[in-house]
Amino acid sequence: MSDMNRSRMQPALLLMVTLSACRSSPGVGTDTVSSGDSSGWDGAGHDSGDTAEPVDPPDPEVSVIPDLGDWAESEAPEGVEVSGWSWQNPLPQGLDLIGVWAESEDEVWLAGAYGTLLKMDGSTFERIDLDTSEDLNAIHGGWIVGGAGTALQWDGLQWTPTSTPTTATLWDVWASAPDRATAVSEDGEVLRWDGSDWTIIHEVDAPLRGTWEDWVVGDGVALQWDGSEWISHELEGENRYFDIGGMGEDVWLVGDYWPESSFVTNLGIWHFDGTDWEDLSTDEYWRDDQGGVWVSEDGTVKLVSENGLVHIDGSEWHTQSTSRSLSGVFGLSPDQAWYVGPAGFIGEWDGEGLRERSHGSRESLYAVGGSSSEELIAAGDYTTMHHWDGSAWNPVPTGIETSHWENYEKGFSGIWAAAPDDVWAAGYGTIAHWDGAAWEERIEGGNYWGNWGSGPDDMWAVGPESAIHWNGSDWQDHSADFPEDFTARDVGGVDADTAWTVGDYGMIFAWDGTSWTAQAAPQDSQLLRVAAWSEDLAFAVGKGNTVVKWDGSTWNVESLPEDTTPYWHGVSVTAADEAWVVGGPDVLKWNGSEWAEVETPDGLQLQRVHADPDSGLRVAGANGQILFRP
């Protein structure tokens, strides 16, 4: 659905389309749901009595929907350190954040994928190392829950793992007192903490996704504890309930449902006033897997989703569409709330406006290069370049339109620099040049997946059925030098007389200053990148866990550590006895004779590596990930 169509909706429908509080399709984390009490120790309960029936949705009462405005950027925070690496983009880190909970303005906790836990003291961020790499799906009231039955408790000094009677994924937790907390699992278990142990107090034959006070919800299940038994609230339709929250008897329930004769799910929203349910479900197709709801003591409601957020204050509804996906929200008051989302997004509402507390691009990166350790360019999806000036990465829009590839708008996949004011970028449908002040398109048309040069008058760019050479003044087409069935993926070399290009079916061609000649390939897996140190030392990497080395006369397949990635996407050679390859979550280092794994943080999806013997190692990949180690 387009933004234009969304902007024309009536308020009730706009809420339905903008809001989602989906915690939990398998493999997707959850977020926290909170009342206005900052610690969650309110002990409040309420009774429902009879099973409620759905009623028709009310007519919308608000005709004007003020926009909250865009996220205003805050000063960039410092990157956190993990496993010997420092995050340089996004900041403070780039792994998904799923839940947020605050004790005060100066103690805000943010939990997420691969055991990620951050503490914000109001201005700075600290990563808390935990003894788990499981996704942390929810945090509330001094408890964190996640994958494989993970549950950790905060004692004021540290987070301590506790034993749970399940190995199922725990999707949500709600703590109402130090000796009372509830968690729900993928296997339909309701777990209760009594101050010393977790026990299973109830089970249903369906995944449970959310819990709040005396409620648990899941796939077709909405249960309320009345003090003596679980009361089932039967709502029409085949529904999955993802999230529940509210204040007192004012309860919001969100999820999805299957309309009659439909093969897709739609967004479902239900509101309970203590007696009746209002069915606010929409017939809009919905596939959101993220979201949350928080309600303050004065009835202010904040709802977040993949498409934006909704803020309801009395009779006014405020909305904001955003390019940032949101997965969790928690507030201390109507004028103080925090939001989290994928790729490390952190936002804050201060009662006056929205501020982004995180910083940096989240576009996937497929190229890193530069003329020195103080002048680097990173590029990837879309057309914004990212410039490292020695202290920070800053976006530099190019204004250049790239082409689409397999229904995705792609940007640049190759960077090569002769000098800070002489940088070439190879991309989808274009080749661009940076002169120190602006980017200029030099070639329009054709796809170029890699480029390399030895000087300002010697630069190659290659791609599918393309191989062109820049001699300082003109482009020369060398595509006819290669077989018609050859798709070049990258080019790299040593000088104007020594270079290699690699590509599909393991094919390798060598340049001798005059012509390209096929060399015997030691395997037939697709080769994606190539880098060289000398006429006698080059490496090419690609699919099938493939690394091949040139020794001056032949290419040979390298022996690698077991259980590493099946796809190597990046390679850099920094000395006769030092080289690096990256792919997926893995980094390998070559010491002149063998390869060894380098410890990396969990959750990385690496595409490129840039190594400098003086300044250190940088790796880049999905969601704008750039990490550095000296």
# chains A, B, ... in the order shown; residues from 1 in each chain; ligands from 1
>>> closest_atom_pairs(of="segment 480-561 of chain A", to="segment 585-602 of chain A", cutoff="9 Å", atoms="only C-alpha atoms", output="tab-separated table")
residue	atom	partner	partner_atom	distance
A:Glu558	CA	A:Glu594	CA	8.5
A:Ser559	CA	A:Trp595	CA	7.6
A:Leu560	CA	A:Trp595	CA	6.0
A:Pro561	CA	A:Ala596	CA	6.6
>>> closest_residue(among="A:Ala151, A:Ala419, A:Leu617, A:Ala168", to="Ala181 of chain A", atoms="only C-alpha atoms")
A:Ala151
>>> residues_around(residues="segment 236-241 of chain A", least_positions_apart="3", cutoff="6 Å", atoms="only C-alpha atoms", output="ChimeraX atom specification")
/A:217-220,254-258
>>> residues_around(residues="Val547 of chain A", least_positions_apart="5", cutoff="8 Å", atoms="only C-alpha atoms", output="ChimeraX atom specification")
/A:539-542,557-558,568
>>> select_by_dssp(residues="segment 157-265 of chain A", states="strand (DSSP E)", output="PyMOL selection string")
chain A and resi 159-161+170-177+180-185+189-193+198-203+208-212+215-218+221-225+230-232+238-247+250-258
>>> residues_around(residues="segment 420-430 of chain A", least_positions_apart="3", cutoff="8 Å", atoms="only C-alpha atoms", output="number ranges by chain")
A: 370-372, 375, 402-405, 410-417, 433-437, 441-451, 456, 461
>>> closest_atom_pairs(of="segment 473-561 of chain A", to="segment 356-369 of chain A", cutoff="12 Å", atoms="only C-alpha atoms", output="JSON lines")
{"residue": "A:Asp490", "atom": "CA", "partner": "A:Ala367", "partner_atom": "CA", "distance": 11.4}
{"residue": "A:Leu528", "atom": "CA", "partner": "A:Tyr366", "partner_atom": "CA", "distance": 11.5}
{"residue": "A:Arg529", "atom": "CA", "partner": "A:Ala367", "partner_atom": "CA", "distance": 11.0}
>>> write_last_selection(atoms="N, CA, C and O atoms", output="PDB file, in the first residue's frame")
ATOM      1  N   ASP A 490      34.522  -9.746 -10.509  1.00  0.00           N
ATOM      2  CA  ASP A 490      35.455  -8.821  -9.864  1.00  0.00           C
ATOM      3  C   ASP A 490      36.760  -8.809 -10.637  1.00  0.00           C
ATOM      4  O   ASP A 490      37.052  -9.708 -11.449  1.00  0.00           O
ATOM      5  N   LEU A 528      33.656 -14.723  -6.498  1.00  0.00           N
ATOM      6  CA  LEU A 528      33.017 -13.425  -6.312  1.00  0.00           C
ATOM      7  C   LEU A 528      33.999 -12.269  -6.173  1.00  0.00           C
ATOM      8  O   LEU A 528      33.686 -11.145  -6.559  1.00  0.00           O
ATOM      9  N   ARG A 529      35.194 -12.521  -5.598  1.00  0.00           N
ATOM     10  CA  ARG A 529      36.150 -11.437  -5.364  1.00  0.00           C
ATOM     11  C   ARG A 529      37.565 -11.949  -5.563  1.00  0.00           C
ATOM     12  O   ARG A 529      37.855 -13.142  -5.352  1.00  0.00           O
TER      13      ARG A 529
END
>>> residues_around(residues="Pro483 of chain A", least_positions_apart="6", cutoff="12 Å", atoms="only C-alpha atoms", output="PyMOL selection string")
chain A and resi 464-467+503-504+507-509+516-518
>>> closest_residue(among="A:Gly94, A:Gly552, A:Gly493, A:Gly453", to="Asn471 of chain A", atoms="only C-alpha atoms")
A:Gly453
>>> atom_distance(atom1="atom CA of Ala175 of chain A", atom2="atom CA of Glu213 of chain A")
7.9 Å
>>> atom_distance(atom1="atom CA of Ser327 of chain A", atom2="atom CA of Ile346 of chain A")
10.3 Å
